[in-house]
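protein00.cif follows; it contains mmCIF, C-alpha atoms.
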```
data_my_file
#
loop_
_atom_site.label_atom_id
_atom_site.label_comp_id
_atom_site.auth_asym_id
_atom_site.auth_seq_id
_atom_site.Cartn_x
_atom_site.Cartn_y
_atom_site.Cartn_z
CA MET A 636 0.00 0.00 0.00
CA ASP A 637 1.04 3.61 -0.45
CA ALA A 638 -0.27 7.00 0.63
CA ALA A 639 -1.56 7.95 -2.82
CA ASP A 640 -3.69 4.81 -3.10
CA LEU A 641 -5.01 5.26 0.43
CA ASP A 642 -5.87 8.85 -0.32
CA ARG A 643 -7.77 7.78 -3.45
CA GLN A 644 -9.78 5.27 -1.40
CA ALA A 645 -10.67 7.88 1.19
CA ARG A 646 -11.66 10.53 -1.38
CA THR A 647 -13.55 8.45 -3.93
CA TRP A 648 -14.77 5.34 -2.07
CA SER A 649 -14.09 3.49 -5.31
CA GLY A 650 -12.11 0.28 -5.78
CA CYS A 651 -12.50 -0.45 -2.07
CA ILE A 652 -15.03 -1.44 0.57
CA PRO A 653 -16.70 1.84 1.62
CA PRO A 654 -17.51 2.68 5.27
CA LEU A 655 -21.23 1.89 5.16
CA LEU A 656 -20.58 -1.59 3.81
CA VAL A 657 -17.80 -2.19 6.33
CA SER A 658 -20.37 -1.38 9.03
CA ARG A 659 -22.84 -3.77 7.43
CA LEU A 660 -20.26 -6.57 7.36
CA LEU A 661 -19.62 -6.08 11.06
CA GLU A 662 -23.30 -5.85 11.93
CA LEU A 663 -23.96 -9.15 10.15
CA GLY A 664 -21.09 -10.88 11.96
CA HIS A 665 -18.53 -11.05 9.15
CA HIS A 666 -15.69 -10.08 11.48
CA ASP A 667 -13.16 -12.44 9.90
CA GLU A 668 -13.66 -10.82 6.50
CA VAL A 669 -13.20 -7.31 7.86
CA GLU A 670 -10.05 -8.35 9.72
CA SER A 671 -8.65 -10.07 6.64
CA GLN A 672 -9.31 -7.09 4.40
CA ALA A 673 -7.89 -4.74 7.03
CA ARG A 674 -4.58 -6.57 6.69
CA CYS A 675 -4.72 -6.37 2.87
CA GLY A 676 -4.83 -2.61 2.33
CA GLU A 677 -8.53 -1.85 2.82
CA TRP A 678 -8.36 1.38 4.79
CA PHE A 679 -11.99 1.57 5.92
CA CYS A 680 -11.79 -2.02 7.15
CA ALA A 681 -8.58 -1.26 9.01
CA ARG A 682 -10.05 1.83 10.63
CA ALA A 683 -13.19 0.03 11.80
CA TRP A 684 -11.37 -3.12 12.91
CA ALA A 685 -8.78 -1.20 14.93
CA GLN A 686 -11.56 0.76 16.62
CA LEU A 687 -13.50 -2.42 17.42
CA ILE A 688 -10.69 -4.45 18.90
CA GLY A 689 -9.25 -1.42 20.68
CA ASP A 690 -12.59 -0.94 22.42
CA GLN A 691 -12.35 -4.58 23.47
CA GLY A 692 -9.05 -3.89 25.22
CA ARG A 693 -6.87 -5.38 22.49
CA GLN A 694 -4.84 -2.24 22.05
CA THR A 695 -1.60 -3.84 20.88
CA GLN A 696 -3.39 -5.73 18.11
CA ALA A 697 -5.24 -2.57 17.07
CA LEU A 698 -1.96 -0.70 16.67
CA GLU A 699 -0.54 -3.60 14.66
CA VAL A 700 -3.46 -3.32 12.23
CA LEU A 701 -2.84 0.38 11.70
CA ALA A 702 0.97 0.20 11.61
CA PRO A 703 1.38 -0.45 7.84
CA TYR A 704 -0.97 2.43 7.03
CA VAL A 705 0.78 4.84 9.39
CA ALA A 706 4.14 3.75 7.96
CA THR A 707 3.16 5.23 4.57
CA GLY A 708 3.19 8.71 6.11
CA TRP A 709 -0.49 9.20 5.30
CA TRP A 710 -1.93 11.69 7.80
CA PRO A 711 -5.49 10.25 8.16
CA ALA A 712 -4.01 6.93 9.33
CA ALA A 713 -1.78 8.68 11.86
CA ARG A 714 -4.70 10.80 13.00
CA HIS A 715 -6.89 7.76 13.60
CA GLN A 716 -4.15 6.09 15.59
CA ALA A 717 -3.67 9.26 17.64
CA GLU A 718 -7.41 9.40 18.33
CA LEU A 719 -7.35 5.82 19.54
CA LEU A 720 -4.33 6.45 21.74
CA GLU A 721 -6.01 9.47 23.30
CA SER A 722 -9.22 7.51 23.90
CA TRP A 723 -7.15 4.85 25.71
CA GLY A 724 -5.63 7.43 28.04
CA ARG A 725 -2.31 7.52 26.19
CA ALA A 726 -2.38 11.19 25.25
CA GLU A 727 1.38 11.78 25.35
CA GLU A 728 1.89 9.02 22.79
CA ALA A 729 -0.79 10.62 20.62
CA ILE A 730 1.01 13.96 20.86
CA THR A 731 4.35 12.39 19.94
CA LEU A 732 2.81 10.64 16.95
CA SER A 733 1.05 13.77 15.67
CA ARG A 734 3.82 16.30 16.23
CA PRO A 735 5.78 15.72 12.97
CA TYR A 736 2.64 16.14 10.86
CA ALA A 737 1.76 19.48 12.46
CA SER A 738 4.57 21.20 10.57
CA THR A 739 2.53 20.87 7.36
CA GLY A 740 -0.13 23.22 8.77
CA GLY A 741 -3.80 22.92 7.87
CA SER A 742 -5.84 20.07 9.27
CA PRO A 743 -2.90 18.23 10.90
CA LEU A 744 -1.91 21.37 12.82
CA GLU A 745 -5.51 22.03 13.87
CA PHE A 746 -5.82 18.48 15.22
CA PHE A 747 -2.46 18.66 16.96
CA ALA A 748 -3.22 22.01 18.59
CA ARG A 749 -6.59 20.87 19.89
CA LEU A 750 -4.94 17.69 21.19
CA LEU A 751 -2.30 19.77 22.99
CA ALA A 752 -4.93 22.02 24.53
CA ARG A 753 -6.98 19.10 25.82
CA HIS A 754 -3.96 17.79 27.70
CA GLY A 755 -2.41 20.75 29.42
CA HIS A 756 -0.26 22.24 26.65
CA THR A 757 -2.46 25.23 25.79
CA ASP A 758 0.37 27.73 25.55
CA GLU A 759 2.12 25.75 22.83
CA ALA A 760 -1.20 25.26 21.02
CA VAL A 761 -1.97 28.99 21.06
CA THR A 762 1.54 29.91 19.92
CA ARG A 763 1.43 27.51 16.97
CA LEU A 764 -2.04 28.54 15.87
CA SER A 765 -1.32 32.25 16.20
CA ALA A 766 1.47 31.86 13.65
CA GLY A 767 -1.03 30.33 11.22
CA ILE A 768 -3.92 32.70 11.79
CA GLU A 769 -4.25 33.44 8.06
CA ASP A 770 -5.75 29.95 7.66
CA PRO A 771 -9.50 30.17 8.56
CA LEU A 772 -9.42 26.62 9.97
CA LEU A 773 -6.54 27.44 12.30
CA ALA A 774 -8.00 30.81 13.27
CA ALA A 775 -11.27 29.17 14.33
CA ALA A 776 -9.34 26.59 16.38
CA LEU A 777 -7.31 29.36 17.99
CA VAL A 778 -10.45 31.19 19.13
CA ASP A 779 -11.92 27.96 20.50
CA ILE A 780 -8.78 26.99 22.39
CA ALA A 781 -8.06 30.44 23.83
CA GLY A 782 -11.21 30.55 25.93
CA GLY A 783 -10.30 30.68 29.61
CA THR A 784 -6.58 31.11 28.97
CA GLY A 785 -6.41 34.87 29.48
CA ARG A 786 -5.21 35.33 25.90
CA ASP A 787 -8.47 36.63 24.42
CA GLU A 788 -7.27 40.21 23.98
CA ASP A 789 -4.05 39.13 22.25
CA ILE A 790 -6.03 37.05 19.77
CA ALA A 791 -8.64 39.78 19.36
CA ALA A 792 -5.85 42.14 18.33
CA LEU A 793 -4.60 39.66 15.72
CA LEU A 794 -8.10 39.37 14.30
CA ALA A 795 -8.81 43.10 14.36
CA ALA A 796 -5.66 43.68 12.30
CA ARG A 797 -7.25 41.59 9.55
CA ILE A 798 -10.40 43.69 9.30
CA PRO A 799 -9.64 46.56 6.90
CA ALA A 800 -11.57 49.79 7.31
CA GLN A 801 -12.91 49.85 3.76
CA HIS A 802 -12.67 46.56 1.88
CA ARG A 803 -15.29 43.84 2.28
CA CYS A 804 -15.21 40.57 0.36
CA ASP A 805 -18.30 39.94 -1.75
CA SER A 806 -17.57 36.27 -2.43
CA PRO A 807 -15.69 33.38 -0.76
CA TRP A 808 -12.99 33.65 -3.44
CA CYS A 809 -12.21 37.35 -3.01
CA CYS A 810 -9.33 37.34 -0.53
CA ARG A 811 -6.85 34.60 0.17
CA GLY A 812 -6.46 33.37 3.70
CA LEU A 813 -8.61 34.74 6.50
CA ASP A 814 -11.07 37.12 4.87
CA PRO A 815 -12.53 40.11 6.75
CA ASP A 816 -15.93 38.52 7.33
CA ASP A 817 -14.31 35.45 8.90
CA ALA A 818 -12.21 37.69 11.13
CA ILE A 819 -15.30 39.66 12.16
CA GLY A 820 -17.17 36.48 13.05
CA LEU A 821 -14.32 35.14 15.16
CA LEU A 822 -13.77 38.46 16.91
CA ALA A 823 -17.50 38.59 17.67
CA THR A 824 -17.21 35.11 19.21
CA ILE A 825 -14.52 36.41 21.58
CA ARG A 826 -16.58 39.46 22.51
CA GLU A 827 -19.63 37.30 23.22
CA ARG A 828 -17.50 35.01 25.36
CA GLN A 829 -16.36 38.06 27.33
CA GLY A 830 -19.96 39.08 27.90
CA ARG A 831 -19.65 42.09 25.58
CA ILE A 832 -22.78 41.21 23.65
CA ASP A 833 -23.51 44.65 22.22
CA GLU A 834 -19.98 44.86 20.80
CA ALA A 835 -20.38 41.41 19.25
CA MET A 836 -23.67 42.50 17.68
CA ALA A 837 -22.17 45.70 16.33
CA LEU A 838 -19.34 43.75 14.74
CA LEU A 839 -21.67 41.27 13.08
CA HIS A 840 -23.75 44.08 11.61
CA THR A 841 -20.66 45.11 9.59
CA ARG A 842 -20.37 41.82 7.69
CA HIS A 843 -20.84 41.73 3.94
CA ILE A 844 -21.68 38.00 3.76
CA THR A 845 -24.13 37.39 6.60
CA SER A 846 -24.82 33.66 6.36
CA VAL A 847 -22.57 30.62 6.08
CA ASN A 848 -23.86 27.08 5.56
CA ASN A 849 -27.45 28.28 5.97
CA ARG A 850 -26.81 29.80 9.40
CA ASP A 851 -26.50 33.43 10.49
CA GLN A 852 -24.14 34.08 13.41
CA LEU A 853 -25.91 37.26 14.51
CA ALA A 854 -29.30 35.53 14.53
CA ASP A 855 -27.87 32.66 16.56
CA LEU A 856 -26.30 35.10 19.04
CA LEU A 857 -29.58 36.98 19.53
CA ALA A 858 -31.47 33.70 20.05
CA ARG A 859 -28.91 32.42 22.58
CA HIS A 860 -29.33 35.56 24.67
CA ASP A 861 -33.13 35.60 24.39
CA ARG A 862 -33.15 38.93 22.60
CA ILE A 863 -36.20 37.97 20.63
CA GLU A 864 -37.46 41.43 19.70
CA GLU A 865 -34.05 42.38 18.32
CA LEU A 866 -33.99 39.09 16.41
CA ARG A 867 -37.44 39.87 15.07
CA ALA A 868 -36.27 43.27 13.86
CA TYR A 869 -33.17 41.77 12.27
CA ALA A 870 -35.23 39.11 10.52
CA VAL A 871 -37.20 41.83 8.73
CA THR A 872 -34.00 43.15 7.14
CA ASP A 873 -32.43 39.77 6.26
CA ARG A 874 -33.33 38.99 2.67
CA HIS A 875 -31.75 35.51 2.88
CA GLY A 876 -34.32 34.35 5.42
CA TYR A 877 -31.95 32.61 7.82
CA ALA A 878 -32.59 35.12 10.60
CA GLY A 879 -36.31 34.50 10.18
CA GLN A 880 -35.72 30.76 10.33
CA ARG A 881 -33.77 31.15 13.57
CA LEU A 882 -36.55 33.34 14.97
CA ALA A 883 -39.12 30.66 14.18
CA GLU A 884 -36.92 28.01 15.80
CA ALA A 885 -36.51 30.15 18.92
CA LEU A 886 -40.24 30.78 19.18
CA GLU A 887 -41.00 27.08 18.85
CA GLU A 888 -38.39 26.31 21.52
CA ARG A 889 -40.20 28.76 23.82
CA GLY A 890 -43.53 27.05 23.16
CA ASP A 891 -44.89 29.80 20.91
CA VAL A 892 -45.90 27.53 18.04
CA GLU A 893 -48.36 29.99 16.52
CA GLY A 894 -45.69 32.67 16.53
CA ALA A 895 -43.29 30.32 14.73
CA ILE A 896 -45.97 29.49 12.17
CA ALA A 897 -46.59 33.19 11.54
CA VAL A 898 -42.87 33.77 10.94
CA TYR A 899 -42.65 30.91 8.46
CA ARG A 900 -45.71 32.22 6.64
CA GLN A 901 -43.99 35.58 6.31
CA LEU A 902 -40.87 33.87 4.99
CA GLY A 903 -43.09 32.08 2.49
CA ASP A 904 -44.01 35.48 1.08
CA SER A 905 -40.34 36.28 0.42
CA GLN A 906 -39.02 35.58 -3.05
CA ASP A 907 -35.51 34.84 -1.74
CA PHE A 908 -36.57 32.28 0.89
CA ARG A 909 -40.04 31.31 -0.29
CA GLY A 910 -39.52 27.63 -1.00
CA HIS A 911 -37.36 26.95 2.05
CA GLY A 912 -39.61 28.90 4.41
CA THR A 913 -42.74 27.07 3.26
CA VAL A 914 -41.07 23.66 3.53
CA ARG A 915 -39.98 24.53 7.09
CA LEU A 916 -43.57 25.56 7.84
CA ALA A 917 -44.90 22.24 6.56
CA GLU A 918 -42.34 20.36 8.65
CA LEU A 919 -43.38 22.31 11.75
CA LEU A 920 -47.07 21.64 11.16
CA ALA A 921 -46.40 17.94 10.65
CA ARG A 922 -44.28 17.82 13.84
CA ARG A 923 -47.17 19.34 15.75
CA GLY A 924 -49.71 16.80 14.51
CA ARG A 925 -51.30 19.12 11.96
CA GLY A 926 -50.66 16.94 8.94
CA SER A 927 -53.62 18.10 6.87
CA GLU A 928 -52.49 21.70 7.12
CA ALA A 929 -48.95 20.64 6.21
CA VAL A 930 -50.21 18.86 3.09
CA ASP A 931 -52.24 21.91 2.04
CA VAL A 932 -49.22 24.19 2.51
CA MET A 933 -46.93 21.92 0.48
CA ARG A 934 -49.51 21.41 -2.24
CA ALA A 935 -49.73 25.15 -2.80
CA LEU A 936 -45.95 25.42 -2.88
CA ALA A 937 -45.61 22.55 -5.36
CA GLU A 938 -48.10 24.28 -7.65
CA VAL A 939 -46.09 27.49 -7.59
CA TYR A 940 -42.75 25.71 -8.12
CA ASN A 941 -44.11 23.62 -10.95
CA GLY A 942 -41.69 20.74 -11.57
CA ASP A 943 -38.94 21.82 -9.15
CA ASP A 944 -37.51 18.44 -8.14
CA TRP A 945 -36.46 19.26 -4.55
CA ILE A 946 -39.94 20.64 -3.83
CA LEU A 947 -41.49 17.52 -5.33
CA HIS A 948 -39.26 15.31 -3.18
CA ALA A 949 -40.39 17.18 -0.07
CA TRP A 950 -44.02 16.93 -1.22
CA SER A 951 -43.77 13.20 -1.86
CA THR A 952 -42.07 12.54 1.48
CA LEU A 953 -44.73 14.50 3.36
CA CYS A 954 -47.55 12.62 1.62
CA LEU A 955 -45.95 9.30 2.49
CA ASP A 956 -45.40 10.32 6.11
CA GLN A 957 -49.02 11.43 6.39
CA ASP A 958 -50.28 8.21 4.71
CA ARG A 959 -51.76 10.21 1.84
CA PRO A 960 -50.03 8.81 -1.25
CA GLU A 961 -53.04 9.58 -3.41
CA ASP A 962 -52.54 13.32 -2.84
CA GLY A 963 -48.92 13.09 -3.88
CA LEU A 964 -49.76 11.12 -7.00
CA ALA A 965 -52.60 13.44 -8.00
CA HIS A 966 -50.21 16.38 -8.17
CA LEU A 967 -47.51 14.44 -10.01
CA ASP A 968 -50.07 13.11 -12.49
CA ALA A 969 -51.39 16.62 -13.14
CA LEU A 970 -47.84 17.85 -13.67
CA ALA A 971 -47.15 15.08 -16.18
CA ALA A 972 -50.42 15.73 -18.01
CA ALA A 973 -49.57 19.41 -18.35
CA ARG A 974 -46.38 18.32 -20.11
CA GLY A 975 -48.18 16.14 -22.59
CA GLY A 976 -47.70 12.96 -20.58
CA GLU A 977 -43.93 13.00 -20.99
CA GLU A 978 -41.79 12.91 -17.86
CA GLY A 979 -38.08 12.15 -17.57
CA TRP A 980 -36.90 9.56 -15.09
CA ASP A 981 -35.42 12.23 -12.81
CA LEU A 982 -38.98 13.28 -11.96
CA TYR A 983 -40.83 10.07 -12.67
CA TRP A 984 -39.12 7.96 -10.02
CA ILE A 985 -40.37 10.29 -7.26
CA ARG A 986 -43.82 8.73 -7.70
CA LEU A 987 -42.68 5.11 -7.25
CA PRO A 988 -42.83 4.99 -3.41
CA LEU A 989 -46.25 6.65 -3.60
CA ILE A 990 -47.51 4.02 -6.06
CA ALA A 991 -46.10 1.27 -3.85
CA ALA A 992 -47.86 2.72 -0.81
CA ARG A 993 -51.21 3.02 -2.61
CA ASP A 994 -51.25 0.12 -5.06
CA GLY A 995 -48.48 -2.22 -3.91
CA VAL A 996 -44.88 -2.87 -4.85
CA ASP A 997 -45.65 -4.97 -7.92
CA GLU A 998 -47.68 -2.18 -9.49
CA ALA A 999 -44.91 0.33 -8.79
CA ILE A 1000 -42.32 -1.96 -10.37
CA ALA A 1001 -44.51 -2.60 -13.41
CA ARG A 1002 -44.99 1.14 -13.88
CA ALA A 1003 -41.25 1.74 -13.49
CA ARG A 1004 -40.38 -0.89 -16.08
CA SER A 1005 -42.91 0.51 -18.52
CA HIS A 1006 -41.20 3.90 -18.50
CA PRO A 1007 -38.97 4.56 -21.54
CA GLU A 1008 -35.95 4.82 -19.22
CA GLY A 1009 -37.01 1.96 -16.94
CA ALA A 1010 -34.30 -0.40 -18.20
CA THR A 1011 -31.39 2.01 -17.70
CA SER A 1012 -28.57 1.76 -15.18
CA TYR A 1013 -29.85 4.80 -13.29
CA ALA A 1014 -33.37 3.37 -13.00
CA ALA A 1015 -32.15 0.05 -11.62
CA PRO A 1016 -31.38 1.29 -8.06
CA HIS A 1017 -34.88 2.72 -7.68
CA ILE A 1018 -36.50 -0.54 -8.78
CA ALA A 1019 -34.14 -2.53 -6.58
CA GLU A 1020 -34.97 -0.31 -3.61
CA LEU A 1021 -38.66 -1.12 -4.00
CA LEU A 1022 -37.90 -4.84 -4.11
CA ALA A 1023 -35.53 -4.74 -1.17
CA GLY A 1024 -38.01 -2.74 0.86
CA ALA A 1025 -40.48 -5.57 0.34
CA GLY A 1026 -37.90 -8.13 1.49
CA ARG A 1027 -37.27 -9.41 -2.05
CA ILE A 1028 -33.47 -9.10 -1.93
CA GLU A 1029 -32.75 -11.80 -4.53
CA GLU A 1030 -34.89 -9.99 -7.09
CA ALA A 1031 -33.18 -6.69 -6.24
CA VAL A 1032 -29.82 -8.35 -6.93
CA VAL A 1033 -31.01 -9.61 -10.33
CA VAL A 1034 -32.06 -6.08 -11.30
CA LEU A 1035 -28.76 -4.53 -10.23
CA GLU A 1036 -26.60 -7.25 -11.77
CA GLN A 1037 -27.74 -6.10 -15.20
CA HIS A 1038 -25.85 -2.85 -14.56
CA ALA A 1039 -23.31 -4.03 -11.99
CA SER A 1040 -20.50 -1.61 -12.80
CA ALA A 1041 -22.75 1.43 -12.44
CA ASN A 1042 -24.35 0.23 -9.21
CA SER A 1043 -21.58 -1.67 -7.50
CA ASN A 1044 -22.11 -0.30 -3.98
CA ASP A 1045 -25.88 -0.94 -4.00
CA LEU A 1046 -25.39 -4.41 -5.43
CA ALA A 1047 -22.60 -5.27 -2.99
CA GLY A 1048 -24.78 -4.22 -0.08
CA HIS A 1049 -27.52 -6.62 -1.12
CA LEU A 1050 -25.00 -9.40 -1.76
CA ILE A 1051 -23.72 -8.94 1.78
CA ASP A 1052 -27.30 -9.16 3.07
CA LEU A 1053 -27.61 -12.51 1.24
CA GLY A 1054 -24.36 -13.78 2.76
CA ARG A 1055 -22.49 -13.62 -0.56
CA VAL A 1056 -19.61 -11.75 1.00
CA ASN A 1057 -16.88 -12.98 -1.37
CA ASP A 1058 -18.93 -11.87 -4.39
CA ALA A 1059 -19.52 -8.48 -2.81
CA VAL A 1060 -15.86 -7.88 -2.03
CA ALA A 1061 -14.75 -8.96 -5.49
CA LEU A 1062 -17.25 -6.58 -7.05
CA LEU A 1063 -16.13 -3.63 -4.93
CA GLN A 1064 -12.43 -4.17 -5.48
#
```

Kindly return the structure encoded in the file as structure tokens.
Amino acid sequence: MDAADLDRQARTWSGCIPPLLVSRLLELGHHDEVESQARCGEWFCARAWAQLIGDQGRQTQALEVLAPYVATGWWPAARHQAELLESWGRAEEAITLSRPYASTGGSPLEFFARLLARHGHTDEAVTRLSAGIEDPLLAAALVDIAGGTGRDEDIAALLAARIPAQHRCDSPWCCRGLDPDDAIGLLATIRERQGRIDEAMALLHTRHITSVNNRDQLADLLARHDRIEELRAYAVTDRHGYAGQRLAEALEERGDVEGAIAVYRQLGDSQDFRGHGTVRLAELLARRGRGSEAVDVMRALAEVYNGDDWILHAWSTLCLDQDRPEDGLAHLDALAAARGGEEGWDLYWIRLPLIAARDGVDEAIARARSHPEGATSYAAPHIAELLAGAGRIEEAVVVLEQHASANSNDLAGHLIDLGRVNDAVALLQ
């Protein structure tokens, strides 16, 4: 084995046994196979097997399994071994193992610094991370680690120096390294930690990009400190809708369900957040036992977003959850009719679980196979899923075997379920 091949396995999950199937092998009692493959270069098998036997107290054997992988110099293998050592109470060994990798910066340094901080070496961790503050990953770790060390003002000064008076990035690709908005967010985290909430709020109001990964830091801060009226006012100005979403979440958490519903209805009137806000409203109604209202809300949304696949997926799922497959099918049938009866597989397959729920699996399969694209490699997994869901694993395997190379993971999973482990492994490798 070599680091490049291991890296390919980890990135692509191709030509190897992927994590989900390793878990399935273990769940079904195929421990010997996982151990054997772990010793033959299968990284995900090695990782899972070392974890399993280490938890059983067989620490020496676990390290022996990982040793050839660590010997390649591949960081993820060394990291996993360090995590195991730490979990066994052998933190100093974990630190010694990780130290050489930290010089490369990035993720290895972040891991190493957090490891140091957890075990009484906070000063070294802060010093190393401060030198790499231009990396957003390291800057975030630095702010996390510095809490309670008395170094907040030093780090705040480093961050403030990276917030220019005029320039603001308008995209994630504008500035290299730690961009001003990232620095603002981290500095606001320090100010909040110090109890200087108004300063944190003022900082966050200066951001150009206000939401990251569908969350808004200012909205979260206001909700944490129960400043609901200020959150409500901010939500009015936030065209992205994430502040409104956080307001609705906070109101529901406080037991004000009607208030949360009203907020989601307002978000549903916004062009920027309309679809997402209405889906969140339907989910809330369904959670609160108001399924009929949820279906009505989603039906109206699906009619507005005519043919939008993610809306149709949400609509179909809701109808299934509410045991109303006929409603889901009625809308999909009307959509198909409006298009002259033609519907590509990317939309057509959404109806299959609904047909199965209303008319049975055999009818759904017959309808799938009658579609012009029903015999393609990309249709096979959907048909196989219907069969497997009905406990007809052998038939699912037959369907997938016709397009084995395109559906190797799905097929291997079913082969494992049937006890055909050797066939599954050969297919995956």

- On this file, the PyMOL selection byres ((chain A and resi 1035) around 12) gives some set of residues; write that set as a PyMOL selection string. chain A and resi 1010-1020+1022-1023+1028-1034+1036-1050

Result set of the PyMOL selection byres ((chain A and resi 975-981) around 9) on the coordinates above, as a PDB file with C-alpha atoms, in the coordinates of the input:
```
ATOM      1  CA  ASP A 944     -37.510  18.440  -8.140  1.00  0.00           C
ATOM      2  CA  ASP A 968     -50.070  13.110 -12.490  1.00  0.00           C
ATOM      3  CA  LEU A 970     -47.840  17.850 -13.670  1.00  0.00           C
ATOM      4  CA  ALA A 971     -47.150  15.080 -16.180  1.00  0.00           C
ATOM      5  CA  ALA A 972     -50.420  15.730 -18.010  1.00  0.00           C
ATOM      6  CA  ALA A 973     -49.570  19.410 -18.350  1.00  0.00           C
ATOM      7  CA  ARG A 974     -46.380  18.320 -20.110  1.00  0.00           C
ATOM      8  CA  LEU A 982     -38.980  13.280 -11.960  1.00  0.00           C
ATOM      9  CA  TYR A 983     -40.830  10.070 -12.670  1.00  0.00           C
ATOM     10  CA  TRP A 984     -39.120   7.960 -10.020  1.00  0.00           C
ATOM     11  CA  ILE A 985     -40.370  10.290  -7.260  1.00  0.00           C
ATOM     12  CA  HIS A1006     -41.200   3.900 -18.500  1.00  0.00           C
ATOM     13  CA  PRO A1007     -38.970   4.560 -21.540  1.00  0.00           C
ATOM     14  CA  GLU A1008     -35.950   4.820 -19.220  1.00  0.00           C
ATOM     15  CA  GLY A1009     -37.010   1.960 -16.940  1.00  0.00           C
ATOM     16  CA  TYR A1013     -29.850   4.800 -13.290  1.00  0.00           C
ATOM     17  CA  ALA A1014     -33.370   3.370 -13.000  1.00  0.00           C
TER      18      ALA A1014
END
```

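Distance-wise, atom CA of A:Gly1026 and atom CA of A:Ala949 end up 25.5 Å apart.
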
- Item | Expected residue set, 10 Å radius at (-29.5, 26.3, 5.2), only C-alpha atoms, as a list in words | Ser846, Val847, Asn848, Asn849, Arg850, Asp851, His875, Gly876, Tyr877, Gln880 and His911 of chain A

Got time to write the residues from that selection, C-alpha atoms, as a PDB file, keeping the file's coordinate frame?
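Contents of the output file again04.pdb:
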```pdb
ATOM      1  CA  SER A 846     -24.820  33.660   6.360  1.00  0.00           C
ATOM      2  CA  VAL A 847     -22.570  30.620   6.080  1.00  0.00           C
ATOM      3  CA  ASN A 848     -23.860  27.080   5.560  1.00  0.00           C
ATOM      4  CA  ASN A 849     -27.450  28.280   5.970  1.00  0.00           C
ATOM      5  CA  ARG A 850     -26.810  29.800   9.400  1.00  0.00           C
ATOM      6  CA  ASP A 851     -26.500  33.430  10.490  1.00  0.00           C
ATOM      7  CA  HIS A 875     -31.750  35.510   2.880  1.00  0.00           C
ATOM      8  CA  GLY A 876     -34.320  34.350   5.420  1.00  0.00           C
ATOM      9  CA  TYR A 877     -31.950  32.610   7.820  1.00  0.00           C
ATOM     10  CA  GLN A 880     -35.720  30.760  10.330  1.00  0.00           C
ATOM     11  CA  HIS A 911     -37.360  26.950   2.050  1.00  0.00           C
TER      12      HIS A 911
END
```

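For the pair atom CA of A:His666 and atom CA of A:Leu698, the interatomic distance is 17.4 Å.
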
- Query: Could you spell out the hits of the PyMOL selection byres ((chain A and resi 663) around 12) on the shown file, as JSON, numbers by chain?
  - Reply: {"A": [656, 657, 658, 659, 660, 661, 662, 664, 665, 666, 667, 668, 669, 1048, 1050, 1051, 1052, 1053, 1054, 1055, 1056]}

- Identify, on the basis of all atoms listed in the file, every residue whose closest approach to A:Asp816 does not exceed 9 Å; exclude the query and any residue fewer than 2 positions from it along the same chain; express the result as a VMD selection string. chain A and resid 798 803 to 804 813 to 814 818 to 821 839 841 to 845

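The protein and nucleic acid residues lying at most 8 Å from A:Ala697 are Trp684, Ala685, Gln686, Ile688, Gly689, Arg693, Gln694, Val700 and Leu701 of chain A, with all atoms listed in the file considered and sequence neighbours fewer than 3 positions away removed.
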
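Atom to atom, atom CA of A:Ile825 and atom CA of A:Glu745 stand 18.6 Å apart.
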
- Excluding A:Leu953 and any residue of its chain fewer than 2 positions from it, enumerate the residues within 10 Å of it, using only C-alpha atoms, and give them as a PyMOL selection string. chain A and resi 914+917-918+921+926+929-930+933+947-951+955-960+963

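The closest residue to A:Gly1024, picked from A:Val996, A:Ile990, A:Ala800, A:Ala748 and counting all atoms listed in the file, is A:Val996.
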
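Residues in contact with stretch 636-643 of chain A at 9 Å, where all atoms listed in the file are counted and same-chain residues fewer than 6 positions away are skipped, are listed as A:Ser649, A:Gly650, A:Cys675, A:Gly676, A:Glu677, A:Trp678, A:Pro703, A:Tyr704, A:Ala706, A:Thr707, A:Gly708, A:Trp709, A:Trp710, A:Pro711.
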
- Using only C-alpha atoms, which of the listed residues (A:Gly903, A:Pro988, A:Gly740, A:Gly924) sits closest to A:Cys954? A:Pro988

Which protein, DNA or RNA residues have an atom at most 9 Å from (-20.8, 42.0, 18.7), counting all atoms listed in the file? List them as a PDB file with C-alpha atoms, in the frame of the given file.
```
ATOM      1  CA  ILE A 819     -15.300  39.660  12.160  1.00  0.00           C
ATOM      2  CA  GLY A 820     -17.170  36.480  13.050  1.00  0.00           C
ATOM      3  CA  LEU A 822     -13.770  38.460  16.910  1.00  0.00           C
ATOM      4  CA  ALA A 823     -17.500  38.590  17.670  1.00  0.00           C
ATOM      5  CA  THR A 824     -17.210  35.110  19.210  1.00  0.00           C
ATOM      6  CA  ILE A 825     -14.520  36.410  21.580  1.00  0.00           C
ATOM      7  CA  ARG A 826     -16.580  39.460  22.510  1.00  0.00           C
ATOM      8  CA  GLU A 827     -19.630  37.300  23.220  1.00  0.00           C
ATOM      9  CA  ARG A 831     -19.650  42.090  25.580  1.00  0.00           C
ATOM     10  CA  ILE A 832     -22.780  41.210  23.650  1.00  0.00           C
ATOM     11  CA  ASP A 833     -23.510  44.650  22.220  1.00  0.00           C
ATOM     12  CA  GLU A 834     -19.980  44.860  20.800  1.00  0.00           C
ATOM     13  CA  ALA A 835     -20.380  41.410  19.250  1.00  0.00           C
ATOM     14  CA  MET A 836     -23.670  42.500  17.680  1.00  0.00           C
ATOM     15  CA  ALA A 837     -22.170  45.700  16.330  1.00  0.00           C
ATOM     16  CA  LEU A 838     -19.340  43.750  14.740  1.00  0.00           C
ATOM     17  CA  LEU A 839     -21.670  41.270  13.080  1.00  0.00           C
ATOM     18  CA  HIS A 840     -23.750  44.080  11.610  1.00  0.00           C
ATOM     19  CA  LEU A 853     -25.910  37.260  14.510  1.00  0.00           C
ATOM     20  CA  LEU A 856     -26.300  35.100  19.040  1.00  0.00           C
TER      21      LEU A 856
END
```
